[in-house]
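**Q** The following block contains the structure, expressed as C-alpha cells.
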Amino acid sequence: MQTMSYIEAIKEGFRVVHKNWQLVLIQFAMVLINFIGFFIIVGIPLAIAFIIFGIDLTGLSDIKDIFRTLKGPSEIITRYFGLLLIVILSFLFYIIAAALFGMYVFGGSAGIIGKTIGDRTLRFSMHTFFHEAKRLFTKIFGFTSVIGVILIVAAFVLGILGGSIAALVSFAKSQDSTLALFFGTFLSLILTIIALILIFGTLSVTLYGVAALFFKGTGPVKSLREAMRYLLRHPAALWLYAILFGGYVFASFFLILLGYSFHLIPVIGTILSFPYQFISYVFQTYLGLVIIAITFTYYYATEIQTEPMIESPIPQTPGQEETTIQDS
C-alpha cells in the first residue's frame, strides 16, 4: 500500500486544480446561472402575482407597514393565499433545480479531478467535463440522497435530545437547583460537541465516499460503507481533512473580516467591496476545489495504488547483453 505525506498530497492537490483552472470558471458560471434562474423562476411569478392581486409595491417598502395593515398571519393567508402558493411552489422548484444542477457540476468537477490524478498527461476539456458529469450524476444523486437521509435522522435524534436538555435546564432554573443547572449546561455543551463532530464526520465521509464512488465505481450505499471502512483503516485521512477543513474555515473568516473593513471606509469602501466580493468568492471556490483534489489524491495514493511504481530498466547495448550472457 502506497504512503503519502500531507505535504505531498497538498502539493499534488494544488497542481491538479491549477492544471484545471477552468473548473473555477465553471463554478462561477453555475452561481451566475443560479442567480439568473432565481429571478426567472421565483422573481417573475412573484411579480405577476403582485400585478394579478393588485398589490401596491410602494406600500410594501417597510415591513412595519405590512404588519400594521394585516392584523395577523391568518389574514395574510386569507387575502394572499394564491400569492403564497405561487411563491412557495416557485421557490421549491428553484431549490430542486439548483440542487440538481449543483450535483451535475460537482460530478463533472470531481470526474476531471479524479481523471487528472490518475493520468498526469490528461488536459482539461469541456467534452470530458460533460461526459463525467453525465456519468456520475445518477451515482452522486443517490449518494447525496443517502447522506441526506442520515442527516435527517441524526437531526431528529439531536432535536429530541436538545429538547430534553432544554426542558431539564428550564426545570432546573424554576427549582433554583445549582447542581441541576450545571448538569443541564454540561449536557448542552456535550450535545453541541456531538453536533459539530457529526457535521465534520459527515463532510469527511461524503468527500471520501465520492472518491470511492469515482475510483472504484461503487454504488451510493457501498461507497458510503467504503468511505467508513477507509477512514477506520486510515485515520490519518481524517486528520488530513480536519486540517483542510480548519484551514478553509480560517481563510473564510479572514476574508469576511477583511471585507467588513471596507464598510468602514465611506464611499470608496462601498465601491471597492463589489470587486472584493467577486475575488473572495473565486478564492473560496478555488480552495474548495483544492480540498476535493487533496482528499482524492490521498485516497488514490493510499487505497488505489496498491503496487509501487517500477522504473523502466536502463537500455543496454548489444555488446553489453552478450557480455552478460557469457558471464552467466
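In the C-alpha cells, the first chain shown is A, the next is B, and so on; residue numbers restart at 1 for each chain, and ligands run from 1 in the order shown.
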Can you tell me which residues surround Trp21 (chain A) at a distance of at most 10 Å, considering only C-alpha atoms, apart from same-chain residues fewer than 6 positions away, and format the answer as a PDB file with C-alpha atoms, in the first residue's frame?

**A**
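After the write, around.pdb holds the following:
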```pdb
ATOM      1  CA  ARG A  15      -1.158  21.084  -9.009  1.00  0.00           C
ATOM      2  CA  PHE A 124      -8.929  19.763 -19.432  1.00  0.00           C
ATOM      3  CA  TYR A 286     -10.544  27.632  -5.683  1.00  0.00           C
ATOM      4  CA  LEU A 289     -11.716  22.516  -5.389  1.00  0.00           C
TER       5      LEU A 289
END
```

**Q** Mind checking which residues fall within 9 Å of Ser109 (chain A), counting only C-alpha atoms, ignoring those fewer than 2 positions away in the same chain, and posting them as a list in words?

**A**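 Within the cut-off, the hits are Leu23, Ile26, Gln27, Tyr104, Val105, Phe106, Gly107, Gly111, Ile112, Ile113, Gly114, Phe129, Glu132, Ala133 and Leu289 of chain A.
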
**Q** Using only C-alpha atoms, find each residue of region 123-163 of chain A with at least one atom at most 10 Å away from an atom of region 189-207 of chain A; report its shortest atom-to-atom pair and that distance in Å (one decimal), sort the rows by chain and rising residue number, and return the result as a Markdown table.

**A**
```
| residue | atom | partner | partner_atom | distance |
| --- | --- | --- | --- | --- |
| A:Phe143 | CA | A:Thr206 | CA | 8.3 |
| A:Thr144 | CA | A:Thr206 | CA | 8.1 |
| A:Ile147 | CA | A:Thr206 | CA | 7.5 |
| A:Gly148 | CA | A:Thr202 | CA | 9.8 |
| A:Ile150 | CA | A:Thr202 | CA | 9.0 |
| A:Leu151 | CA | A:Thr202 | CA | 8.1 |
| A:Ala154 | CA | A:Leu198 | CA | 8.3 |
| A:Ala155 | CA | A:Ala195 | CA | 8.6 |
| A:Leu158 | CA | A:Ala195 | CA | 7.6 |
| A:Gly159 | CA | A:Leu191 | CA | 9.9 |
| A:Leu161 | CA | A:Leu191 | CA | 7.8 |
| A:Gly162 | CA | A:Leu191 | CA | 7.2 |
```

**Q** Which residue gives the smallest distance to Ile48 (chain A) among A:Phe156, A:Gly82, A:Gln22, A:Ile33, with only C-alpha atoms counted?

**A**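 The shortest atom-to-atom distance to Ile48 (chain A) comes from A:Gly82.
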
**Q** Compare A:Ile7, A:Ile294, A:Ala242, A:Thr185 by their minimum atom-to-atom distance to Ala211 (chain A), counting only C-alpha atoms, and give me the closest one.

**A**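 Going through A:Ile7, A:Ile294, A:Ala242, A:Thr185 one by one, the smallest distance to Ala211 (chain A) is for A:Ile294.
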
**Q** CA of Leu122 (chain A) and CA of Val16 (chain A) are how many Å apart?

**A** 10.3 Å

**Q** May I have the residues within 8 Å of region 225-227 of chain A as a PDB file with C-alpha atoms, in the first residue's frame, using only C-alpha atoms and disregarding those fewer than 4 positions away in the same chain?

**A**
```pdb
ATOM      1  CA  VAL A 205     -17.357  10.657   4.761  1.00  0.00           C
ATOM      2  CA  THR A 206     -19.052  12.475   1.883  1.00  0.00           C
ATOM      3  CA  TYR A 208     -14.048  10.168   0.649  1.00  0.00           C
ATOM      4  CA  GLY A 209     -17.281   8.433  -0.368  1.00  0.00           C
ATOM      5  CA  ALA A 212     -14.617   5.725  -3.677  1.00  0.00           C
ATOM      6  CA  VAL A 221     -24.633   2.723  -0.366  1.00  0.00           C
ATOM      7  CA  LEU A 231     -11.391   6.128   7.473  1.00  0.00           C
TER       8      LEU A 231
END
```

**Q** Please provide the set of residues having any atom within 12 Å of Thr121 (chain A), restricted to only C-alpha atoms, with same-chain residues fewer than 5 positions apart removed, written as a PyMOL selection string.

**A** chain A and resi 16+19-20+115-116

**Q** Could you check how far CA of Ile88 (chain A) sits from CA of Gly142 (chain A), in Å to one decimal?

**A**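 According to the coordinates, CA of Ile88 (chain A) and CA of Gly142 (chain A) are separated by 25.6 Å.
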